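Source file upload_10.txt; content: compact mmCIF, C-alpha atoms.
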```txt
# COMPACT_ATOMS: atom_id res chain seq x y z
CA MET A 297 -36.37 50.54 49.17
CA LYS A 298 -38.55 50.18 46.07
CA GLU A 299 -41.87 51.49 47.42
CA THR A 300 -43.55 54.40 45.68
CA LEU A 301 -44.41 57.61 47.51
CA PRO A 302 -48.09 56.67 48.06
CA PHE A 303 -47.01 53.38 49.63
CA VAL A 304 -44.53 55.17 51.89
CA MET A 305 -47.34 57.43 53.09
CA LEU A 306 -49.56 54.41 53.73
CA PHE A 307 -46.75 52.70 55.63
CA ALA A 308 -46.34 55.79 57.83
CA LEU A 309 -50.03 55.64 58.75
CA LEU A 310 -49.84 51.93 59.51
CA ALA A 311 -46.70 52.34 61.57
CA GLY A 312 -48.33 55.06 63.62
CA SER A 313 -51.44 53.01 64.35
CA ALA A 314 -51.31 49.22 64.26
CA PHE A 315 -47.57 48.87 64.80
CA GLY A 316 -46.69 51.83 66.99
CA ALA A 317 -44.37 54.67 66.03
CA ASP A 318 -41.76 53.33 63.63
CA PRO A 319 -40.76 50.10 65.43
CA GLN A 320 -37.09 49.28 65.03
CA PRO A 321 -35.04 46.27 66.20
CA VAL A 322 -32.52 46.71 68.99
CA ALA A 323 -29.31 44.68 69.36
CA VAL A 324 -29.49 42.66 72.60
CA TYR A 325 -26.20 40.80 72.09
CA THR A 326 -23.43 41.17 69.51
CA PHE A 327 -21.07 38.30 68.64
CA THR A 328 -17.54 39.64 68.32
CA CYS A 329 -14.33 38.14 66.98
CA THR A 330 -10.69 39.14 67.41
CA GLY A 331 -9.28 40.85 64.33
CA SER A 332 -9.79 43.86 62.10
CA GLN A 333 -13.20 44.80 60.76
CA ARG A 334 -11.79 44.99 57.25
CA ALA A 335 -9.99 41.63 57.27
CA ARG A 336 -12.74 39.82 59.24
CA PHE A 337 -10.33 37.05 60.15
CA GLY A 338 -9.83 35.53 63.59
CA PRO A 339 -11.25 33.59 66.53
CA CYS A 340 -14.76 34.21 67.87
CA PRO A 341 -14.71 33.22 71.57
CA ASN A 342 -18.51 33.16 71.97
CA GLY A 343 -19.25 32.18 68.40
CA GLY A 344 -20.24 34.01 65.25
CA ARG A 345 -22.93 33.85 62.55
CA PRO A 346 -25.91 33.10 64.83
CA ASP A 347 -28.59 31.33 62.81
CA SER A 348 -30.86 29.73 65.40
CA LEU A 349 -33.00 31.10 68.22
CA ILE A 350 -35.81 29.72 70.40
CA GLN A 351 -37.36 30.77 73.68
CA GLY A 352 -37.13 28.01 76.27
CA SER A 353 -39.80 26.98 78.73
CA ASP A 354 -37.78 28.83 81.42
CA GLY A 355 -38.16 32.16 79.58
CA ASN A 356 -34.54 32.36 78.46
CA PHE A 357 -33.44 32.18 74.83
CA TYR A 358 -31.32 29.42 73.34
CA GLY A 359 -29.58 29.27 70.00
CA ALA A 360 -26.58 28.25 67.96
CA ALA A 361 -23.86 30.28 66.29
CA GLN A 362 -22.25 28.55 63.34
CA VAL A 363 -18.55 29.31 63.79
CA THR A 364 -15.84 29.84 66.39
CA PHE A 365 -13.25 30.87 63.82
CA GLU A 366 -14.25 33.27 61.08
CA GLY A 367 -12.28 34.12 57.98
CA SER A 368 -11.20 33.23 54.50
CA GLN A 369 -8.40 31.08 55.87
CA ALA A 370 -8.86 29.02 59.03
CA PRO A 371 -6.10 27.41 61.14
CA GLU A 372 -3.79 24.84 59.56
CA GLY A 373 -4.24 26.40 56.14
CA GLU A 374 -7.82 25.27 55.56
CA SER A 375 -9.88 27.74 53.52
CA THR A 376 -13.07 27.73 55.56
CA SER A 377 -14.75 28.98 58.73
CA VAL A 378 -15.32 26.32 61.35
CA GLY A 379 -16.64 25.31 64.75
CA GLY A 380 -19.72 26.82 66.36
CA VAL A 381 -21.40 27.02 69.76
CA VAL A 382 -24.72 26.42 71.48
CA PHE A 383 -25.61 29.31 73.78
CA SER A 384 -28.19 30.59 76.24
CA LEU A 385 -29.23 34.24 76.45
CA THR A 386 -31.25 35.97 79.15
CA PRO A 387 -33.86 38.54 78.06
CA THR A 388 -31.53 41.23 79.43
CA GLY A 389 -28.64 40.13 77.20
CA THR A 390 -26.38 37.89 79.29
CA LEU A 391 -24.96 35.17 77.04
CA THR A 392 -23.51 31.85 78.24
CA VAL A 393 -21.76 29.39 75.94
CA LEU A 394 -23.21 25.95 76.70
CA HIS A 395 -21.20 23.84 74.25
CA ARG A 396 -18.37 24.33 71.76
CA PHE A 397 -17.92 22.20 68.65
CA VAL A 398 -14.19 21.46 68.47
CA PRO A 399 -11.98 19.40 66.15
CA GLY A 400 -10.78 15.93 67.08
CA PRO A 401 -7.25 14.54 66.76
CA ASN A 402 -7.59 13.65 63.06
CA LYS A 403 -8.66 17.11 61.85
CA ASN A 404 -12.25 15.94 61.96
CA TYR A 405 -15.26 17.18 63.92
CA PRO A 406 -16.58 13.95 65.47
CA ASN A 407 -19.33 15.79 67.37
CA GLY A 408 -20.32 18.03 64.48
CA ASN A 409 -19.40 21.34 62.86
CA PHE A 410 -21.62 24.33 61.97
CA PRO A 411 -24.64 23.87 64.31
CA GLY A 412 -28.11 24.71 62.99
CA LEU A 413 -31.64 25.07 64.36
CA LEU A 414 -32.55 24.01 67.90
CA THR A 415 -35.67 22.56 69.51
CA GLU A 416 -36.50 22.12 73.18
CA GLY A 417 -37.78 18.61 73.75
CA PRO A 418 -40.51 17.55 76.17
CA ASP A 419 -37.73 16.47 78.55
CA GLY A 420 -36.38 20.05 78.69
CA LYS A 421 -33.22 19.16 76.75
CA LEU A 422 -32.04 21.01 73.65
CA TYR A 423 -31.99 19.03 70.39
CA GLY A 424 -30.26 20.16 67.23
CA TYR A 425 -28.33 19.34 64.06
CA THR A 426 -24.96 20.26 62.74
CA THR A 427 -24.55 20.88 59.04
CA PHE A 428 -21.11 19.30 58.71
CA GLY A 429 -18.74 17.02 60.60
CA ALA A 430 -18.29 13.40 61.66
CA VAL A 431 -15.80 12.55 58.89
CA ASP A 432 -12.19 11.57 59.62
CA GLY A 433 -9.60 13.83 58.01
CA CYS A 434 -12.23 16.48 57.31
CA TYR A 435 -11.48 19.88 58.81
CA GLY A 436 -14.27 22.08 57.54
CA GLU A 437 -17.24 21.89 55.23
CA CYS A 438 -17.63 18.19 54.58
CA GLY A 439 -19.68 15.40 56.06
CA TYR A 440 -23.40 15.76 56.66
CA GLY A 441 -23.25 16.34 60.39
CA VAL A 442 -24.84 14.87 63.49
CA LEU A 443 -28.04 15.05 65.51
CA TYR A 444 -27.28 15.88 69.15
CA ARG A 445 -28.84 16.88 72.46
CA LEU A 446 -27.72 18.52 75.70
CA ASP A 447 -29.18 19.91 78.90
CA ARG A 448 -30.13 23.57 79.09
CA ASN A 449 -27.20 24.17 81.48
CA GLY A 450 -24.76 22.77 78.90
CA SER A 451 -24.15 19.40 80.53
CA GLY A 452 -24.88 15.95 79.14
CA PHE A 453 -23.93 16.56 75.49
CA GLN A 454 -24.74 13.45 73.45
CA VAL A 455 -24.54 12.61 69.75
CA ILE A 456 -27.77 10.74 68.98
CA THR A 457 -26.86 9.79 65.42
CA SER A 458 -24.36 10.69 62.75
CA PHE A 459 -25.51 11.41 59.21
CA CYS A 460 -22.36 9.69 58.02
CA SER A 461 -21.53 6.10 58.85
CA GLU A 462 -17.83 5.17 59.08
CA GLY A 463 -16.95 7.99 56.69
CA ASN A 464 -19.56 6.95 54.12
CA CYS A 465 -22.02 9.83 53.92
CA GLY A 466 -24.05 8.63 50.96
CA ASP A 467 -26.78 11.16 50.27
CA LEU A 468 -28.31 11.41 53.78
CA ARG A 469 -28.47 14.92 55.22
CA PRO A 470 -30.78 16.80 57.60
CA THR A 471 -33.07 19.44 56.14
CA SER A 472 -32.53 23.00 57.34
CA SER A 473 -35.51 22.87 59.71
CA ALA A 474 -35.92 22.35 63.43
CA MET A 475 -37.40 19.17 64.84
CA VAL A 476 -40.93 19.31 66.27
CA THR A 477 -42.48 17.56 69.26
CA GLY A 478 -45.41 15.23 68.77
CA THR A 479 -48.34 14.71 71.11
CA ASP A 480 -46.84 11.27 71.84
CA GLY A 481 -43.82 12.91 73.52
CA ASN A 482 -41.38 12.05 70.73
CA LEU A 483 -39.50 14.42 68.42
CA TYR A 484 -39.83 14.25 64.64
CA GLY A 485 -37.84 15.71 61.76
CA THR A 486 -37.06 15.26 58.10
CA VAL A 487 -33.95 14.27 56.18
CA ALA A 488 -33.16 14.44 52.48
CA GLY A 489 -31.68 11.36 50.87
CA ASN A 490 -31.55 8.35 53.19
CA GLY A 491 -31.01 6.01 50.26
CA THR A 492 -33.79 7.48 48.14
CA LEU A 493 -34.18 10.55 45.99
CA TYR A 494 -36.83 11.95 48.27
CA GLY A 495 -35.96 11.67 51.95
CA SER A 496 -37.79 10.51 55.04
CA ILE A 497 -39.26 11.35 58.44
CA PHE A 498 -37.37 10.25 61.53
CA LYS A 499 -38.35 9.94 65.20
CA VAL A 500 -36.24 10.52 68.31
CA THR A 501 -37.45 8.99 71.58
CA PRO A 502 -36.25 11.24 74.43
CA SER A 503 -36.38 8.56 77.13
CA GLY A 504 -33.65 6.50 75.50
CA GLY A 505 -32.27 8.90 72.91
CA SER A 506 -32.99 6.45 70.08
CA TYR A 507 -33.21 7.45 66.41
CA GLU A 508 -35.56 5.70 63.98
CA THR A 509 -36.67 6.27 60.38
CA VAL A 510 -40.47 5.97 60.43
CA VAL A 511 -41.56 6.67 56.85
CA ALA A 512 -39.96 7.36 53.46
CA PHE A 513 -41.22 9.97 51.02
CA ASN A 514 -42.08 9.29 47.41
CA PHE A 515 -42.85 12.39 45.39
CA ALA A 516 -43.64 10.30 42.29
CA SER A 517 -41.42 12.42 40.03
CA GLY A 518 -38.49 14.78 40.39
CA GLU A 519 -35.92 14.70 43.15
CA GLY A 520 -37.30 17.29 45.55
CA ILE A 521 -36.35 18.13 49.10
CA PRO A 522 -38.81 17.72 51.98
CA SER A 523 -39.50 20.78 54.09
CA GLY A 524 -39.49 20.61 57.85
CA LEU A 525 -42.57 19.30 59.64
CA THR A 526 -45.46 21.46 60.81
CA ALA A 527 -47.41 20.10 63.76
CA ALA A 528 -51.21 20.14 63.59
CA PRO A 529 -53.45 20.36 66.68
CA ASP A 530 -54.63 16.76 66.10
CA GLY A 531 -51.11 15.36 66.57
CA THR A 532 -50.37 14.83 62.88
CA PHE A 533 -47.68 16.54 60.79
CA TYR A 534 -47.60 18.37 57.46
CA ALA A 535 -44.72 19.06 55.08
CA ILE A 536 -44.29 20.10 51.49
CA ALA A 537 -41.86 18.97 48.82
CA LEU A 538 -39.56 21.80 47.77
CA GLY A 539 -38.12 22.01 44.29
CA THR A 540 -40.63 19.76 42.54
CA ILE A 541 -43.11 20.45 39.73
CA PRO A 542 -45.81 19.61 40.53
CA ALA A 543 -45.52 20.19 44.27
CA TYR A 544 -46.63 17.67 46.89
CA LEU A 545 -48.40 18.23 50.20
CA LEU A 546 -47.40 15.54 52.70
CA HIS A 547 -49.48 14.48 55.72
CA TYR A 548 -48.10 12.03 58.29
CA THR A 549 -50.03 10.41 61.16
CA PRO A 550 -47.64 9.04 63.82
CA SER A 551 -50.26 6.90 65.54
CA THR A 552 -50.85 4.84 62.38
CA GLY A 553 -47.61 5.42 60.47
CA VAL A 554 -49.62 6.45 57.40
CA LEU A 555 -48.26 9.06 54.97
CA THR A 556 -50.60 10.60 52.41
CA THR A 557 -49.48 12.70 49.45
CA VAL A 558 -51.59 15.25 47.59
CA THR A 559 -50.45 16.84 44.33
CA LEU A 560 -50.53 20.64 44.30
CA ASN A 561 -50.56 22.17 40.84
CA PHE A 562 -48.96 25.57 41.20
CA PRO A 563 -49.72 27.85 38.24
CA THR A 564 -47.60 28.80 35.27
CA PHE A 565 -46.75 32.48 34.86
CA ASN A 566 -46.63 34.17 31.45
CA GLY A 567 -47.47 30.82 29.91
CA PHE A 568 -43.96 29.54 30.51
CA PHE A 569 -42.41 30.05 33.99
CA ASN A 570 -43.53 27.61 36.67
CA SER A 571 -44.05 28.55 40.31
CA ALA A 572 -43.10 26.27 43.19
CA PRO A 573 -42.99 26.37 47.01
CA VAL A 574 -39.76 27.63 48.57
CA SER A 575 -40.58 27.42 52.30
CA GLY A 576 -42.12 25.11 54.84
CA LEU A 577 -45.70 25.43 56.02
CA THR A 578 -47.35 27.49 58.75
CA PHE A 579 -50.92 27.35 59.99
CA GLY A 580 -52.75 30.61 59.44
CA PRO A 581 -55.42 32.24 61.59
CA ASN A 582 -58.16 30.46 59.62
CA GLY A 583 -56.70 26.97 60.12
CA ASN A 584 -55.36 26.66 56.57
CA LEU A 585 -51.73 26.04 55.65
CA TYR A 586 -49.58 28.84 54.24
CA GLY A 587 -46.13 29.00 52.68
CA LEU A 588 -44.02 30.97 50.23
CA TYR A 589 -43.53 30.35 46.53
CA ALA A 590 -41.21 31.72 43.88
CA VAL A 591 -41.33 31.67 40.08
CA TYR A 592 -38.52 29.98 38.20
CA ALA A 593 -36.35 32.44 36.26
CA GLU A 594 -38.27 35.44 37.63
CA ALA A 595 -37.70 37.70 40.64
CA GLY A 596 -39.98 37.88 43.62
CA THR A 597 -41.79 35.88 46.29
CA GLY A 598 -45.45 35.36 47.09
CA LEU A 599 -47.73 33.73 49.64
CA PHE A 600 -49.85 30.65 48.95
CA GLU A 601 -52.69 29.08 50.93
CA VAL A 602 -54.09 25.56 50.88
CA GLU A 603 -56.58 23.66 53.00
CA PRO A 604 -55.11 20.83 55.14
CA ASP A 605 -56.68 18.21 52.84
CA GLY A 606 -54.91 19.75 49.84
CA ASN A 607 -57.99 21.41 48.37
CA ASN A 608 -58.43 25.00 47.20
CA LEU A 609 -54.83 25.99 46.56
CA GLN A 610 -54.67 29.77 46.28
CA VAL A 611 -51.55 31.49 44.99
CA PHE A 612 -51.55 35.18 45.87
CA PRO A 613 -49.74 37.76 43.70
CA GLN A 614 -46.09 38.26 44.58
CA TYR A 615 -45.60 40.78 47.36
CA ASP A 616 -42.13 41.83 46.14
CA SER A 617 -39.93 41.75 43.07
CA ILE A 618 -36.57 41.09 44.72
CA PRO A 619 -34.25 39.02 42.49
CA GLY A 620 -34.18 35.45 43.69
CA GLY A 621 -37.03 36.14 46.11
CA GLY A 622 -34.70 37.73 48.65
CA SER A 623 -34.10 34.47 50.60
CA PRO A 624 -37.02 34.64 53.07
CA ASP A 625 -36.73 32.53 56.23
CA GLY A 626 -40.23 31.02 56.20
CA VAL A 627 -43.35 32.63 57.66
CA LEU A 628 -44.12 33.35 61.32
CA LEU A 629 -47.76 33.85 62.34
CA GLY A 630 -47.69 36.74 64.79
CA SER A 631 -50.21 37.23 67.57
CA ASP A 632 -51.58 40.17 65.55
CA GLY A 633 -52.85 37.70 62.92
CA ASN A 634 -50.30 38.73 60.28
CA PHE A 635 -47.32 36.84 58.88
CA TRP A 636 -43.83 38.12 59.69
CA ILE A 637 -40.80 37.23 57.57
CA ALA A 638 -37.06 37.65 58.05
CA ASN A 639 -35.75 38.29 54.54
CA TYR A 640 -32.02 37.50 54.41
CA SER A 641 -31.00 39.65 51.45
CA GLY A 642 -33.99 41.93 51.00
CA SER A 643 -34.49 44.93 48.77
CA ASP A 644 -31.09 46.51 49.61
CA ILE A 645 -29.05 43.25 49.89
CA TYR A 646 -28.73 43.61 53.69
CA GLY A 647 -32.15 42.19 54.53
CA ASP A 648 -35.62 43.23 55.67
CA ILE A 649 -38.38 42.30 58.07
CA MET A 650 -41.65 42.08 56.18
CA THR A 651 -45.26 41.85 57.36
CA ILE A 652 -47.69 40.04 55.04
CA SER A 653 -51.49 39.89 55.21
CA PRO A 654 -52.89 36.32 55.28
CA THR A 655 -56.11 37.60 53.72
CA ASP A 656 -54.71 38.48 50.32
CA GLY A 657 -50.92 38.07 50.58
CA THR A 658 -50.22 41.78 50.27
CA LEU A 659 -47.28 43.57 51.85
CA VAL A 660 -48.32 45.46 55.00
CA GLN A 661 -44.96 46.94 55.92
CA THR A 662 -41.21 46.58 55.39
CA LEU A 663 -38.54 47.36 57.96
CA SER A 664 -35.03 47.78 56.56
CA PRO A 665 -32.71 48.72 59.44
CA PHE A 666 -29.96 46.27 58.50
CA SER A 667 -26.55 47.19 57.04
CA GLU A 668 -22.82 46.71 57.58
CA SER A 669 -22.78 49.76 59.87
CA ALA A 670 -26.06 49.14 61.73
CA SER A 671 -25.87 48.13 65.39
CA VAL A 672 -28.21 45.20 64.64
CA GLY A 673 -25.95 43.98 61.84
CA ALA A 674 -27.04 42.63 58.47
CA PHE A 675 -28.71 39.59 56.89
CA PRO A 676 -31.55 38.53 59.26
CA VAL A 677 -31.90 34.74 59.30
CA GLU A 678 -34.32 34.01 62.13
CA LEU A 679 -37.48 35.57 63.57
CA ILE A 680 -39.53 34.28 66.52
CA GLN A 681 -42.14 35.76 68.84
CA ALA A 682 -41.56 35.64 72.60
CA LYS A 683 -44.30 34.98 75.13
CA ASP A 684 -44.63 38.70 75.91
CA GLY A 685 -45.34 39.48 72.25
CA THR A 686 -41.90 40.90 71.42
CA LEU A 687 -40.23 39.68 68.24
CA TRP A 688 -36.68 38.34 68.50
CA GLY A 689 -34.28 37.38 65.75
CA SER A 690 -30.69 36.99 64.65
CA THR A 691 -28.52 38.52 61.96
CA TYR A 692 -25.83 36.54 60.20
CA GLY A 693 -23.14 39.20 60.14
CA TYR A 694 -21.84 42.60 61.21
CA GLY A 695 -22.93 44.76 64.16
CA THR A 696 -20.94 47.10 66.38
CA ALA A 697 -17.55 46.05 67.80
CA SER A 698 -14.67 47.67 69.67
CA THR A 699 -11.28 48.49 68.14
CA GLY A 700 -9.33 45.30 67.44
CA GLN A 701 -12.52 43.31 66.99
CA PHE A 702 -15.14 42.76 64.33
CA ALA A 703 -18.80 41.92 64.81
CA ASP A 704 -20.15 38.70 63.34
CA GLY A 705 -23.90 38.93 63.86
CA THR A 706 -26.36 39.87 66.58
CA ILE A 707 -29.41 38.78 68.52
CA PHE A 708 -32.02 41.54 68.32
CA SER A 709 -35.45 42.29 69.73
CA LEU A 710 -38.27 44.20 68.08
CA ASN A 711 -41.19 45.63 70.03
CA ALA A 712 -43.80 46.01 67.30
CA GLY A 713 -46.77 46.29 69.63
CA LEU A 714 -47.97 42.70 69.17
CA PRO A 715 -50.10 41.25 71.99
CA PRO A 716 -48.64 38.49 74.21
CA ARG A 717 -49.06 34.90 73.09
```
Any chance you could give the structure as structure tokens?
Amino acid sequence: MKETLPFVMLFALLAGSAFGADPQPVAVYTFTCTGSQRARFGPCPNGGRPDSLIQGSDGNFYGAAQVTFEGSQAPEGESTSVGGVVFSLTPTGTLTVLHRFVPGPNKNYPNGNFPGLLTEGPDGKLYGYTTFGAVDGCYGECGYGVLYRLDRNGSGFQVITSFCSEGNCGDLRPTSSAMVTGTDGNLYGTVAGNGTLYGSIFKVTPSGGSYETVVAFNFASGEGIPSGLTAAPDGTFYAIALGTIPAYLLHYTPSTGVLTTVTLNFPTFNGFFNSAPVSGLTFGPNGNLYGLYAVYAEAGTGLFEVEPDGNNLQVFPQYDSIPGGGSPDGVLLGSDGNFWIANYSGSDIYGDIMTISPTDGTLVQTLSPFSESASVGAFPVELIQAKDGTLWGSTYGYGTASTGQFADGTIFSLNAGLPPR
């Protein structure tokens, strides 16, 4: 860790008061694969590399693990890891595989490969993307995947749409964000590409399982990638264009089909390096929108705030100086009024959990329990808050495994003393 001694003393005081005595995550479930820890090559019966987690309306947790075979060389000589599962997990740690993504007869993955983030729809079904698949003759990391749904008991799996049509993928691909439910009972999400440089918003109607593009983005300049959607209390959605200078705040109203775009002029640092948003948006305790930014060619990440109409953009000083920004997984507003962040690489390469103040963007605390030898594994990629106030998350690799096995990520819980939601 890079904190100075005074900061460590301050953290100790904070941990003993607002956050309880040194809260640490606990592994609830560890994904294990058959093979040696050193070689890290072999099948993963219940999946590996978990990168998605939600709490369902029934109180259980649901998620996706990206692979069912892990290693530098997969079956049939292909140099990739493949497969994946959708799973359920009880709060006490009982995991059930609901669906496996398996290859078809032509070395393809017609129903997808490498599942990503999940959403529970208003019909109680699970909706999600896969990153790859749906291309004939494609064993591993090719194709832009599918959008699918299934029941919470694992039955009724259905591919809603493929992001490749008859092997022609074009430039259409889902963004790495979960779909959100609108007040109209439909699900909405974003894709990059779709025949333009900028992407679009799509709608899924649960009653019939139909997929429809409802509006296309136009960021005016630069290619850009749309973030996922953030639902507002009034039934509208917000997003931000990632990778563009200037940045663009997007506001979509489903009832009218109107998309408005506001230019956000992020500042220049040192008179040369531009800053730009690197995460989607989250509503803060004051009703404003918050996200994370990074500075091109400089290390570190910071918090920004903007009013929903695009006014009064405030860019707070960077809260860390990790090269590349440390790969934060967005911002979660905790019930304590602070932002919580799963930082994939972190200050020691294995990842951190960070708490950020929405008032001034300063770092409140850093938890760094992750490593190759830690029971919770390494590289946190997801962080959510359960209804009872406990934080839950997933790590992308490692953990504790028996002889003849290696661990390939965990689901962990963290009791940080936050009040119930």
task = Figure out the distance between CA of Ile649 (chain A) and CA of Thr662 (chain A), please, to one decimal in Å.
result =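 Separation of CA of Thr662 (chain A) and CA of Ile649 (chain A): 5.8 Å.
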inquiry  = When you look at Pro529 (chain A) with a cut-off of 12 Å (counting only C-alpha atoms), what residues show up, excluding the ones that are within fewer than 2 positions of it in the same chain? I need them as a ChimeraX atom specification.
reply    = /A:477-479,526-527,531-534,549,579,583,604
ask   = Which residues, written as an MDAnalysis selection string, have at least one atom at most 9 Å from region 670-681 of chain A, with only C-alpha atoms counted and residues fewer than 2 positions away on the same chain left out?
value = chainID A and resid 321:326 346:351 623:631 636:642 645:649 665:668 683:697 703:708 716:717
Save the residues we just selected, C-alpha atoms, as a CSV table (one decimal), in the frame of the given file?
```csv
chain,number,residue,atom,x,y,z
A,321,PRO,CA,-35.0,46.3,66.2
A,322,VAL,CA,-32.5,46.7,69.0
A,323,ALA,CA,-29.3,44.7,69.4
A,324,VAL,CA,-29.5,42.7,72.6
A,325,TYR,CA,-26.2,40.8,72.1
A,326,THR,CA,-23.4,41.2,69.5
A,346,PRO,CA,-25.9,33.1,64.8
A,347,ASP,CA,-28.6,31.3,62.8
A,348,SER,CA,-30.9,29.7,65.4
A,349,LEU,CA,-33.0,31.1,68.2
A,350,ILE,CA,-35.8,29.7,70.4
A,351,GLN,CA,-37.4,30.8,73.7
A,623,SER,CA,-34.1,34.5,50.6
A,624,PRO,CA,-37.0,34.6,53.1
A,625,ASP,CA,-36.7,32.5,56.2
A,626,GLY,CA,-40.2,31.0,56.2
A,627,VAL,CA,-43.4,32.6,57.7
A,628,LEU,CA,-44.1,33.4,61.3
A,629,LEU,CA,-47.8,33.8,62.3
A,630,GLY,CA,-47.7,36.7,64.8
A,631,SER,CA,-50.2,37.2,67.6
A,636,TRP,CA,-43.8,38.1,59.7
A,637,ILE,CA,-40.8,37.2,57.6
A,638,ALA,CA,-37.1,37.6,58.0
A,639,ASN,CA,-35.8,38.3,54.5
A,640,TYR,CA,-32.0,37.5,54.4
A,641,SER,CA,-31.0,39.6,51.4
A,642,GLY,CA,-34.0,41.9,51.0
A,645,ILE,CA,-29.0,43.2,49.9
A,646,TYR,CA,-28.7,43.6,53.7
A,647,GLY,CA,-32.2,42.2,54.5
A,648,ASP,CA,-35.6,43.2,55.7
A,649,ILE,CA,-38.4,42.3,58.1
A,665,PRO,CA,-32.7,48.7,59.4
A,666,PHE,CA,-30.0,46.3,58.5
A,667,SER,CA,-26.6,47.2,57.0
A,668,GLU,CA,-22.8,46.7,57.6
A,683,LYS,CA,-44.3,35.0,75.1
A,684,ASP,CA,-44.6,38.7,75.9
A,685,GLY,CA,-45.3,39.5,72.2
A,686,THR,CA,-41.9,40.9,71.4
A,687,LEU,CA,-40.2,39.7,68.2
A,688,TRP,CA,-36.7,38.3,68.5
A,689,GLY,CA,-34.3,37.4,65.8
A,690,SER,CA,-30.7,37.0,64.6
A,691,THR,CA,-28.5,38.5,62.0
A,692,TYR,CA,-25.8,36.5,60.2
A,693,GLY,CA,-23.1,39.2,60.1
A,694,TYR,CA,-21.8,42.6,61.2
A,695,GLY,CA,-22.9,44.8,64.2
A,696,THR,CA,-20.9,47.1,66.4
A,697,ALA,CA,-17.6,46.0,67.8
A,703,ALA,CA,-18.8,41.9,64.8
A,704,ASP,CA,-20.2,38.7,63.3
A,705,GLY,CA,-23.9,38.9,63.9
A,706,THR,CA,-26.4,39.9,66.6
A,707,ILE,CA,-29.4,38.8,68.5
A,708,PHE,CA,-32.0,41.5,68.3
A,716,PRO,CA,-48.6,38.5,74.2
A,717,ARG,CA,-49.1,34.9,73.1
```
query = Contacts of Thr651 (chain A) at 6 Å or less, counting all atoms listed in the file, minus same-chain residues fewer than 2 places along, as a ChimeraX atom specification?
reply = /A:635-636,660-661
Write the selection just made, keeping C-alpha atoms, as a PDB file, in the frame of the given file?
```pdb
ATOM      1  CA  PHE A 635     -47.320  36.840  58.880  1.00  0.00           C
ATOM      2  CA  TRP A 636     -43.830  38.120  59.690  1.00  0.00           C
ATOM      3  CA  VAL A 660     -48.320  45.460  55.000  1.00  0.00           C
ATOM      4  CA  GLN A 661     -44.960  46.940  55.920  1.00  0.00           C
TER       5      GLN A 661
END
```
query = Using only C-alpha atoms, which of A:Pro319, A:Pro563, A:Gly367, A:Pro581 sits nearest Ser332 (chain A)?
reply = A:Gly367
query = With all atoms listed in the file as the atoms that count, which of A:Gly504, A:Gly380, A:Gly580, A:Gly657 lies nearest to Phe600 (chain A)?
reply =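 Ranked by minimum distance to Phe600 (chain A), first place goes to A:Gly657.
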query = For Phe565 (chain A), which residue out of A:Leu391, A:Ala593, A:Leu546, A:Ile521 is the nearest one, using all atoms listed in the file?
reply = A:Ala593
message = Just to confirm, what's the straight-line distance from CA of Thr540 (chain A) to CA of Val500 (chain A) in Å (one decimal)?
response =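 Computed distance, CA of Thr540 (chain A) to CA of Val500 (chain A), equals 27.7 Å.
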request  = With a distance cut-off of 6 Å and only C-alpha atoms, select the neighbouring residues of region 411-421 of chain A, excluding the residue or stretch itself and same-chain residues fewer than 4 positions from it, and output the selection as a list of chain:residue names.
outcome  = A:Ser348, A:Gln362, A:Tyr425, A:Thr426, A:Leu446, A:Asp447, A:Arg448, A:Ala474
task = Using only C-alpha atoms, determine which residues lie at most 6 Å from Phe459 (chain A), disregarding the query and same-chain residues fewer than 3 positions distant; provide the list as a list of chain:residue names.
result = A:Tyr440, A:Gly441, A:Val442
remark   = Restricting to only C-alpha atoms, whichever of A:Gly606, A:Pro522, A:Gly379, A:Gly598 is closest to Gly400 (chain A) is A:Gly379
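Across A:Val476, A:Leu422, A:Val378, A:Val511, the tightest approach to Thr552 (chain A) is made by A:Val511 when counting all atoms listed in the file.
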key: Interatomic distance (Å, one decimal) between CA of Pro550 (chain A) and CA of Gly481 (chain A)   = 11.1 Å
request  = Show me as a count of residues only the residues that reach within 10 Å of (-17.2, 26.1, 67.6), counting only C-alpha atoms and using the file's own coordinates.
outcome  = 28
message = Taking all atoms listed in the file into account, name the residue in A:Ala572, A:Ile536, A:Cys329, A:Leu599 that is nearest to Ile652 (chain A).
response =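 Distance minimum relative to Ile652 (chain A) lands on A:Leu599.
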request  = With all atoms listed in the file counted, which protein, DNA or RNA residues have an atom no more than 9 Å from (-39.8, 25.3, 39.7) in the file frame? Please answer as JSON, numbers by chain.
outcome  = {"A": [538, 539, 540, 541, 542, 543, 569, 570, 571, 572, 573, 590, 591, 592, 593]}
